Amino acid sequence: MGQTPSVSTTILGADEVILNMGPQHPSTHGVLRVKLKLDGEKVISSECIIGYLHRGVEKIGETRTYAQFAPYVDRTDYVAAVSNGLGYCEAVEKLLGAEAPPRARWVRTILTELQRIASHLLWLGTHALDIGAMTPVFYCFREREEILKIFEKYCGARLTTHAFRIGGLLYETYDGFEEDVKKFCHDFLSRVDEYEELLTENRIWIQRTRGVGILTADDAIAMGASGPVLRGSGVKWDIRRAFPYAAYDQFEFDIPVGENGDTYDRYLVRMQEMRQSHRIVLQAIDSIPSGPIAARIGKVLKPPPGEVYHSIEAPKGELGYYIVSDGSTQPYRLRIRPPSFVNLQVLDQMIRGLLIADVVAVIGTLDIVLGEVDR
Amino acid sequence: MTFYEVTFYVLAVVALLSAILVITCRNPVHSAIFLVLTLLSVALIFLQLQAEFMAAVQIIVYIGGIMVLFLFVIMLVNLDVAVRQAPYNRQRWIAGFAALVLLAEFTLFIYQGRDWAKLPPAAAEAVQPNTELIGRALFQNYILPFEVASLLLLVAMVGAVLMAKQR
Amino acid sequence: MADEQQKKPEQKPAPTPAGEQKAAPPKPPARPVPPKPEPLDNELIRRLRARFSEAIGEATLDRKQAIVVVQPSRFLDVCDYLRTEEKFDFLTDLTAVDWYGREKRFDLILNLYSFSHNQRLRLKVPLGEDTHCPSVTGLWGTANWLERECFDMFGIVFDGHPDLRRILLPDGWKGHPLRKDYDILQQDVAWVKENLGIESGQ
Amino acid sequence: MTTLLEILDQPLVLALIRVLIVFTALSLIVAYLVYAERKILAHIQVRLGPMRVGPHGLLQPIADGLKLLLKEDIIPEGADRAVFWLAPAITVLASFTAFSLIPFADNFYVTDVNVGLLFVIAISSLGVLGIILGGWASNSHYPLLGALRSTAQLVSYEVALSFALISAILLAGTLSMNGIVKAQLQQGVWFAFMQPVAFFILFVAAIAETNRNPFDLPEAESELVAGFHTEYSGFRFSLFFLAEYAAMVLVSSIAVTLFLGGWLRPFPNVEWLGFLRFAPVVVFGAAGTWCFLRFFRFPTGREWFWQRLMLFALGAGAAAAALGLLYPPVLVASQGAFWFLAKVFLFLYAFIWFRGTFPRYRFDQLMRLGWHFMIPLAIVNVIFCGVGLVLSWELGWNRSLSLLLASGATLLVAAWLARERS
């Protein structure tokens, strides 16, 4: 607070208040409960209480066949279901030693990048809403709707899409897919400019986000943060580059990084990422190869015994699948490495000494999805 | 009784009753509310006396300012403890005695001054807007005391800020 | 990984045939070759073996992934060495696998990543049911919640963990759901009945 | 009949009638302000807003009011029941009572006392009591924090607001609300042009006083759920809601009266702009025409029957009003209220517009803005304004010129303050 003449903080200093934020709270983005120890409005310490959405997805995985389990991963990070599906399918493919044919990989890349844009749009809208700007959320949903329409046309579902199958794709792209994607891309950049016009140079937005929730690069690495949270701290690391999957080695794109690791930097990083995703989609849509859309992997999947860890750059960060096979039709152990779960762990460190209003901003900037945190 | 007399007595009774309630209420917030009521009825009595400026200032300063700050502070202290404490234990008799003395004094003086305390019948219309009168009084006749008082308050304010900053 | 030997005609065509697909008949994709784990022997492993001779068990390369078995006795030292000397500064994931029926029941799995070498390494620590495992929270802050989850799901106790409590399941819960001898019928019916007021267990 | 006229002629009865009119009109304005806010925000946010109840959702406020009245009334356990009940009443009383001093037209106000402005400030400052008590009585953390924030914010910005008002008083030389408007007529200029800085301060402080975005911290929904009225529901909640919007109208009315010439039409002394007096006719005529146009383009199905009928009735009403306004006495009588309301609505539109545009300040930033920028600036402005007036009185300088010079000097200070801040 510094020299702020706020009476509340100085007088309340006498005793600490425990404030339960959530599990029902407008800006905890789901059923997250943060127990805040407050000195006035200043956060002394905090504790995240999670698990309200725990469904035992990993246990379920052990009792389903590989193909049966695929729809379940859509329900972890339910705002980026396509990305989850990609991670899972590729992990099982790696376990089988199979590889999706090029056309499938291209389509997967396009859809995943669209999903990244959709996820970031949802983040932007809710984050701005948390900080009090209520209009961007509607603009964001307008664009997200376009993406969801493409998903719907492609596979019939909008949210939990189950778009990909192990070994490739189930569906060929629909007629007009490319036109739809191109049309979306054509409008999209100017729309991003529109959001930035509302926020990036806005004095209040800058005051609310700059210097708030700083995470240094060393801390980010030590705490296992990944995705935009890590890049916002200035670590130039993207799994799409480090371990290219799908067709990412074919496209040019930049990895935006921040400098100070504050909320504003993470905001800028995600905004840039949307632009980069747009760039990837445009490159991919122009170069989709023709050919088969699925590898031959047989109907009954019995991966040879062994184990695999495969991770992708999901919109929220490193989404990993660790699957152990015992040679049967069901995974022996299926572990999901959830980016939100690991990123959320940084929250306490980031909000100490800040105000309640900043807690909201920091939760928003971490971009968590409770379905994924709790699984 | 005229309309004005009726309102006066009603206001006076309200003011007195709520004043008593201020000190008898156990809950400080309730006390504060009754204090607001007291101040409000006094403000209305000012209004009746065609002292609009005084009435308005009474409301702005006492209710809008001081009472809000009172409530602000009351809310911050631990109420449960305050309610459980019985602060009047020892002083009850002394206070009662002091009150009696004061009452006797007042009665005496009011009785003595019953003649000259009578006001001349008020003019039907205020001769001059009393805001201007007050302004002239403060800034012309009593400019020195006024400025001294404001300086004093300024010193107090600076001191308070300084003390708060040191914490 | 593509294998050219076994070529069979495409059995099921794509459900939504696109125009271009018909023009050029699809090339039948290849059947995958089952991958085989092979022993791993590289500089890193050699250095590890030289330093922690008996504590480093079998090292394999399975599907291009380096896997090293580490004995719990010197587990913490190995981790410390890997983090500081070999720059595996990013703990990607920490989890466990329950090999029910094996003598040392659990495998603790650590997925490490090194930013400077762009390299992943997986540590496997075999643990008996009652063996405590040293906590790596001091090395990687990430481990805090991951170890708590591991404790919650498998009942593995981490010595030196600052705050080893259940994380996803409620505090009073009995049992560790990701163990192989746990299933829906064994869940904490009493807890559910008491705290949620519903009959459970299907 | 004579008796009735006699009764009506008594000042008390006359006042009561005026109170009734003001109260009814105000309630309607507030109800439709909520509707307007929803509609305007919706159009800012590329959506439609209420469309279901009545044509274009025009009956939505009534439906909302009914819903709120019929809702279950919940008092949280551990709440101080009496205070919980009292708090919304205080707030709503405060914001409605203050309207008794607002001159809506040349000859239409409930009362005009010579310290009118002081009274408006006094009464509206009572509203904060309701907020603070409501927050405390809920016996819950979020309302308490909301109440604390609210109090600190209102007390801080009230200072800047009052200082901004003082410069208008200095210019007008009276505290009477109607007197201030008449002073603007005499001097032939709106005070907003003579005192732009004060107007700006008043505008910002008014937004803060009414807890509107970007200063809506006491009820910041993403932080404090709903701030001081988190635990309120149903009728009591609607009272708070009503009070908040009435307060919006109130501060707009104060700003309009003091700085935008109240019920005066734009440039009241410019003869050739006299045609502006037909503005009400044009407005109502346009509204009627629009309604009729919509009526003909409305879908004709059975389920739309009532909506079409209402649209037609609305159009007919507006057209009738436009025709009635052509009758000269009515036209003259309607002038004051029309211009006053038009300006107030302009203000209210700005409020809504801001809500659709800005993110929210953080509490310490808000306080810093208030104490380190607004209050010093307001004080400096009053001093310079006084200096400017003295220059014109004593040295015979051109009044407008000296005041503009004073404003310029204040702006320099403002620039310096702003630089200090960043």
# chains A, B, ... in the order shown; residues from 1 in each chain; ligands from 1
>>> residues_around(residues="C:Ala143", least_positions_apart="3", cutoff="12 Å", atoms="only C-alpha atoms", output="ChimeraX atom specification")
/A:221-225,341-343,345-346 /C:90-95,109-112,134-140,146-151,158,160-164
>>> closest_atom_pairs(of="chain D", to="chain B", cutoff="9 Å", atoms="only C-alpha atoms", output="tab-separated table")
residue	atom	partner	partner_atom	distance
D:Val83	CA	B:His30	CA	7.9
D:Val113	CA	B:Glu52	CA	8.0
D:Asn114	CA	B:Pro129	CA	6.7
D:Val115	CA	B:Phe53	CA	6.3
D:Gly116	CA	B:Glu52	CA	8.9
D:Leu118	CA	B:Ala56	CA	5.9
D:Phe119	CA	B:Ala56	CA	5.4
D:Val120	CA	B:Ala56	CA	8.8
D:Ile121	CA	B:Ile60	CA	7.2
D:Ala122	CA	B:Ile60	CA	4.6
D:Ile123	CA	B:Ile59	CA	7.4
D:Ser124	CA	B:Gly64	CA	8.7
D:Ser125	CA	B:Gly64	CA	5.2
D:Leu126	CA	B:Gly64	CA	5.6
D:Gly127	CA	B:Gly64	CA	8.5
D:Val128	CA	B:Val68	CA	7.6
D:Leu129	CA	B:Val68	CA	6.4
D:Ile132	CA	B:Leu71	CA	7.6
D:Leu133	CA	B:Leu71	CA	8.0
D:Trp136	CA	B:Met75	CA	6.8
D:Leu144	CA	B:Met75	CA	8.2
D:Ala147	CA	B:Phe72	CA	8.6
D:Leu148	CA	B:Phe72	CA	6.8
D:Thr151	CA	B:Val68	CA	7.3
D:Ala152	CA	B:Phe72	CA	8.6
D:Val155	CA	B:Gly65	CA	7.2
D:Leu175	CA	B:Thr131	CA	8.7
>>> select_by_dssp(residues="stretch 132-228 of chain D", states="helix (DSSP H, G or I)", output="ChimeraX atom specification")
/D:132-137,141-172,177-187,191-194,196-209,217-219,221-224,227-228
>>> residues_around(residues="stretch 185-188 of chain A", least_positions_apart="5", cutoff="9 Å", atoms="only C-alpha atoms", output="MDAnalysis selection string")
chainID A and resid 143 180 193 275 278:279 281:282
>>> residues_around(residues="A:Lys94", least_positions_apart="4", cutoff="8 Å", atoms="only C-alpha atoms", output="MDAnalysis selection string")
(chainID A and resid 90 98:99 308 310) or (chainID C and resid 63)
>>> write_last_selection(atoms="C-alpha atoms", output="short mmCIF file (atom, residue, chain, number, x, y, z; two decimals), in the first residue's frame")
data_model
loop_
_atom_site.label_atom_id
_atom_site.label_comp_id
_atom_site.auth_asym_id
_atom_site.auth_seq_id
_atom_site.Cartn_x
_atom_site.Cartn_y
_atom_site.Cartn_z
CA GLU A 90 -0.31 -38.68 -29.68
CA ALA A 98 2.41 -45.43 -34.78
CA GLU A 99 2.29 -42.07 -36.39
CA VAL A 308 5.44 -43.23 -22.49
CA HIS A 310 4.20 -37.33 -24.13
CA ARG C 63 10.44 -45.12 -27.27
#
>>> residues_around(residues="D:Val380", least_positions_apart="5", cutoff="12 Å", atoms="only C-alpha atoms", output="PyMOL selection string")
chain D and resi 160+163-164+166-167+197-198+201+373-375+385-387+406-414+417
>>> select_by_dssp(residues="stretch 16-201 of chain A", states="strand (DSSP E or B)", output="list in words")
Val17, Ile18, Leu19, Asn20, Met21, Arg33, Val34, Lys35, Leu36, Lys37, Leu38, Asp39, Lys42, Val43, Ile44, Ser45, Ser46, Glu47, Cys48, Ile49, Phe164, Arg165, Gly168 and Leu169 of chain A
>>> atom_distance(atom1="atom CA of C:Ile56", atom2="atom CA of C:Val70")
4.8 Å
>>> residues_around(residues="stretch 228-237 of chain D", least_positions_apart="3", cutoff="8 Å", atoms="only C-alpha atoms", output="ChimeraX atom specification")
/D:67-76,85,88,131-132,134-135,138,140,142-147,218-219,225,240-241
>>> write_last_selection(atoms="C-alpha atoms", output="JSON list (two decimals), in the first residue's frame")
[["chain", "number", "residue", "atom", "x", "y", "z"],
["D", 67, "LYS", "CA", -39.83, -10.35, -9.47],
["D", 68, "LEU", "CA", -37.85, -8.57, -6.80],
["D", 69, "LEU", "CA", -40.97, -7.88, -4.76],
["D", 70, "LEU", "CA", -42.11, -11.48, -4.91],
["D", 71, "LYS", "CA", -38.76, -12.96, -4.06],
["D", 72, "GLU", "CA", -38.16, -14.68, -0.80],
["D", 73, "ASP", "CA", -36.84, -12.28, 1.75],
["D", 74, "ILE", "CA", -33.77, -13.73, 3.36],
["D", 75, "ILE", "CA", -32.08, -12.32, 6.41],
["D", 76, "PRO", "CA", -28.83, -14.11, 7.08],
["D", 85, "TRP", "CA", -33.78, -3.69, 7.81],
["D", 88, "PRO", "CA", -31.57, 0.11, 2.70],
["D", 131, "ILE", "CA", -24.24, 1.42, 2.98],
["D", 132, "ILE", "CA", -21.98, 1.16, 5.98],
["D", 134, "GLY", "CA", -25.91, -2.60, 5.64],
["D", 135, "GLY", "CA", -22.41, -3.92, 5.25],
["D", 138, "SER", "CA", -24.91, -8.54, 7.19],
["D", 140, "SER", "CA", -20.25, -11.38, 6.66],
["D", 142, "TYR", "CA", -17.51, -9.47, 1.87],
["D", 143, "PRO", "CA", -20.18, -6.92, 2.81],
["D", 144, "LEU", "CA", -17.99, -5.61, 5.60],
["D", 145, "LEU", "CA", -15.08, -5.11, 3.25],
["D", 146, "GLY", "CA", -17.44, -3.53, 0.75],
["D", 147, "ALA", "CA", -18.79, -1.17, 3.37],
["D", 218, "PRO", "CA", -17.52, -1.23, -3.06],
["D", 219, "GLU", "CA", -19.47, -3.69, -5.15],
["D", 225, "VAL", "CA", -19.04, -10.68, -4.89],
["D", 240, "PHE", "CA", -30.30, -0.52, -2.57],
["D", 241, "PHE", "CA", -30.45, -0.84, -6.29]]
>>> closest_atom_pairs(of="chain D", to="chain A", cutoff="9 Å", atoms="only C-alpha atoms", output="Markdown table")
| residue | atom | partner | partner_atom | distance |
| --- | --- | --- | --- | --- |
| D:Leu41 | CA | A:Thr135 | CA | 8.2 |
| D:Ile44 | CA | A:Thr135 | CA | 7.5 |
| D:Gln45 | CA | A:Thr135 | CA | 5.6 |
| D:Val46 | CA | A:Phe138 | CA | 7.2 |
| D:Arg47 | CA | A:Phe138 | CA | 8.1 |
| D:His141 | CA | A:Leu19 | CA | 6.8 |
| D:Tyr142 | CA | A:Leu19 | CA | 8.3 |
| D:Leu145 | CA | A:Glu41 | CA | 8.0 |
| D:Leu148 | CA | A:Ser8 | CA | 6.8 |
| D:Arg149 | CA | A:Ser8 | CA | 7.8 |
| D:Ala152 | CA | A:Ser6 | CA | 7.2 |
| D:Asn213 | CA | A:Gly132 | CA | 7.7 |
| D:Pro214 | CA | A:Gly132 | CA | 7.5 |
| D:Asp216 | CA | A:Gly132 | CA | 8.6 |
| D:Ala220 | CA | A:Gly132 | CA | 7.4 |
| D:Glu221 | CA | A:Pro26 | CA | 6.9 |
| D:Ser222 | CA | A:Asp130 | CA | 5.0 |
| D:Glu223 | CA | A:Ala357 | CA | 5.8 |
| D:Leu224 | CA | A:Ile356 | CA | 8.6 |
| D:Val225 | CA | A:Pro26 | CA | 6.3 |
| D:Arg355 | CA | A:Met134 | CA | 7.7 |
| D:Gly356 | CA | A:Thr135 | CA | 5.6 |
| D:Thr357 | CA | A:Ala133 | CA | 6.4 |
| D:Phe358 | CA | A:Ala133 | CA | 5.3 |
| D:Pro359 | CA | A:Ala133 | CA | 3.9 |
| D:Arg360 | CA | A:Gly132 | CA | 4.4 |
| D:Tyr361 | CA | A:Ile204 | CA | 6.1 |
| D:Arg362 | CA | A:Ala357 | CA | 6.2 |
| D:Phe363 | CA | A:Ala357 | CA | 7.6 |
| D:Asp364 | CA | A:Thr4 | CA | 6.1 |
| D:Gln365 | CA | A:Gln207 | CA | 8.0 |
| D:Met367 | CA | A:Thr4 | CA | 6.8 |
| D:Arg368 | CA | A:Thr4 | CA | 6.0 |
| D:Trp371 | CA | A:Pro5 | CA | 7.8 |
>>> residues_around(residues="A:Gly234", least_positions_apart="5", cutoff="6 Å", atoms="only C-alpha atoms", output="PyMOL selection string")
chain A and resi 257-259
>>> atom_distance(atom1="atom CA of D:Leu170", atom2="atom CA of D:Trp263")
20.0 Å
>>> decode(residues="stretch 138-163 of chain C", atoms="N, CA and C atoms", output="PDB file, in the first residue's frame")
ATOM      1  N   GLY C 138      12.635 -29.606  -1.517  1.00  0.00           N
ATOM      2  CA  GLY C 138      13.728 -28.673  -1.328  1.00  0.00           C
ATOM      3  C   GLY C 138      14.450 -28.370  -2.629  1.00  0.00           C
ATOM      4  N   LEU C 139      14.347 -29.291  -3.589  1.00  0.00           N
ATOM      5  CA  LEU C 139      15.058 -29.105  -4.854  1.00  0.00           C
ATOM      6  C   LEU C 139      14.181 -28.421  -5.884  1.00  0.00           C
ATOM      7  N   TRP C 140      12.980 -28.921  -6.010  1.00  0.00           N
ATOM      8  CA  TRP C 140      12.042 -28.329  -6.961  1.00  0.00           C
ATOM      9  C   TRP C 140      10.774 -27.943  -6.201  1.00  0.00           C
ATOM     10  N   GLY C 141      10.406 -26.683  -6.261  1.00  0.00           N
ATOM     11  CA  GLY C 141       9.204 -26.249  -5.565  1.00  0.00           C
ATOM     12  C   GLY C 141       7.954 -26.941  -6.090  1.00  0.00           C
ATOM     13  N   THR C 142       8.015 -27.325  -7.351  1.00  0.00           N
ATOM     14  CA  THR C 142       6.878 -28.003  -7.976  1.00  0.00           C
ATOM     15  C   THR C 142       6.426 -29.213  -7.184  1.00  0.00           C
ATOM     16  N   ALA C 143       7.408 -29.857  -6.557  1.00  0.00           N
ATOM     17  CA  ALA C 143       7.126 -31.151  -5.946  1.00  0.00           C
ATOM     18  C   ALA C 143       6.092 -31.063  -4.843  1.00  0.00           C
ATOM     19  N   ASN C 144       5.935 -29.868  -4.271  1.00  0.00           N
ATOM     20  CA  ASN C 144       5.040 -29.731  -3.128  1.00  0.00           C
ATOM     21  C   ASN C 144       3.666 -30.333  -3.395  1.00  0.00           C
ATOM     22  N   TRP C 145       2.970 -29.807  -4.336  1.00  0.00           N
ATOM     23  CA  TRP C 145       1.613 -30.310  -4.599  1.00  0.00           C
ATOM     24  C   TRP C 145       1.642 -31.697  -5.244  1.00  0.00           C
ATOM     25  N   LEU C 146       2.659 -31.917  -6.083  1.00  0.00           N
ATOM     26  CA  LEU C 146       2.698 -33.205  -6.765  1.00  0.00           C
ATOM     27  C   LEU C 146       2.898 -34.332  -5.760  1.00  0.00           C
ATOM     28  N   GLU C 147       3.735 -34.087  -4.765  1.00  0.00           N
ATOM     29  CA  GLU C 147       3.934 -35.123  -3.736  1.00  0.00           C
ATOM     30  C   GLU C 147       2.690 -35.274  -2.885  1.00  0.00           C
ATOM     31  N   ARG C 148       2.029 -34.136  -2.644  1.00  0.00           N
ATOM     32  CA  ARG C 148       0.785 -34.248  -1.889  1.00  0.00           C
ATOM     33  C   ARG C 148      -0.228 -35.085  -2.655  1.00  0.00           C
ATOM     34  N   GLU C 149      -0.279 -34.884  -3.957  1.00  0.00           N
ATOM     35  CA  GLU C 149      -1.220 -35.664  -4.745  1.00  0.00           C
ATOM     36  C   GLU C 149      -0.846 -37.134  -4.717  1.00  0.00           C
ATOM     37  N   CYS C 150       0.446 -37.379  -4.779  1.00  0.00           N
ATOM     38  CA  CYS C 150       0.934 -38.744  -4.759  1.00  0.00           C
ATOM     39  C   CYS C 150       0.573 -39.415  -3.435  1.00  0.00           C
ATOM     40  N   PHE C 151       0.742 -38.662  -2.369  1.00  0.00           N
ATOM     41  CA  PHE C 151       0.372 -39.181  -1.050  1.00  0.00           C
ATOM     42  C   PHE C 151      -1.125 -39.449  -0.986  1.00  0.00           C
ATOM     43  N   ASP C 152      -1.874 -38.517  -1.547  1.00  0.00           N
ATOM     44  CA  ASP C 152      -3.321 -38.628  -1.538  1.00  0.00           C
ATOM     45  C   ASP C 152      -3.784 -39.864  -2.303  1.00  0.00           C
ATOM     46  N   MET C 153      -3.167 -40.076  -3.457  1.00  0.00           N
ATOM     47  CA  MET C 153      -3.657 -41.115  -4.359  1.00  0.00           C
ATOM     48  C   MET C 153      -3.047 -42.490  -4.070  1.00  0.00           C
ATOM     49  N   PHE C 154      -1.791 -42.497  -3.585  1.00  0.00           N
ATOM     50  CA  PHE C 154      -1.131 -43.786  -3.405  1.00  0.00           C
ATOM     51  C   PHE C 154      -0.772 -44.078  -1.958  1.00  0.00           C
ATOM     52  N   GLY C 155      -0.788 -43.049  -1.122  1.00  0.00           N
ATOM     53  CA  GLY C 155      -0.392 -43.268   0.267  1.00  0.00           C
ATOM     54  C   GLY C 155       1.105 -43.349   0.447  1.00  0.00           C
ATOM     55  N   ILE C 156       1.855 -42.818  -0.522  1.00  0.00           N
ATOM     56  CA  ILE C 156       3.307 -42.806  -0.357  1.00  0.00           C
ATOM     57  C   ILE C 156       3.665 -41.636   0.556  1.00  0.00           C
ATOM     58  N   VAL C 157       4.435 -41.905   1.580  1.00  0.00           N
ATOM     59  CA  VAL C 157       4.784 -40.866   2.538  1.00  0.00           C
ATOM     60  C   VAL C 157       6.125 -40.271   2.151  1.00  0.00           C
ATOM     61  N   PHE C 158       6.148 -38.946   2.072  1.00  0.00           N
ATOM     62  CA  PHE C 158       7.387 -38.261   1.714  1.00  0.00           C
ATOM     63  C   PHE C 158       7.971 -37.615   2.960  1.00  0.00           C
ATOM     64  N   ASP C 159       9.165 -38.073   3.326  1.00  0.00           N
ATOM     65  CA  ASP C 159       9.808 -37.511   4.512  1.00  0.00           C
ATOM     66  C   ASP C 159      10.347 -36.130   4.168  1.00  0.00           C
ATOM     67  N   GLY C 160      10.097 -35.192   5.060  1.00  0.00           N
ATOM     68  CA  GLY C 160      10.629 -33.853   4.859  1.00  0.00           C
ATOM     69  C   GLY C 160       9.739 -32.958   4.051  1.00  0.00           C
ATOM     70  N   HIS C 161       8.552 -33.458   3.708  1.00  0.00           N
ATOM     71  CA  HIS C 161       7.608 -32.588   2.993  1.00  0.00           C
ATOM     72  C   HIS C 161       7.030 -31.583   3.983  1.00  0.00           C
ATOM     73  N   PRO C 162       6.964 -30.301   3.607  1.00  0.00           N
ATOM     74  CA  PRO C 162       6.534 -29.292   4.587  1.00  0.00           C
ATOM     75  C   PRO C 162       5.071 -29.424   4.998  1.00  0.00           C
ATOM     76  N   ASP C 163       4.250 -29.996   4.189  1.00  0.00           N
ATOM     77  CA  ASP C 163       2.821 -29.922   4.474  1.00  0.00           C
ATOM     78  C   ASP C 163       2.131 -31.093   3.797  1.00  0.00           C
TER      79      ASP C 163
END
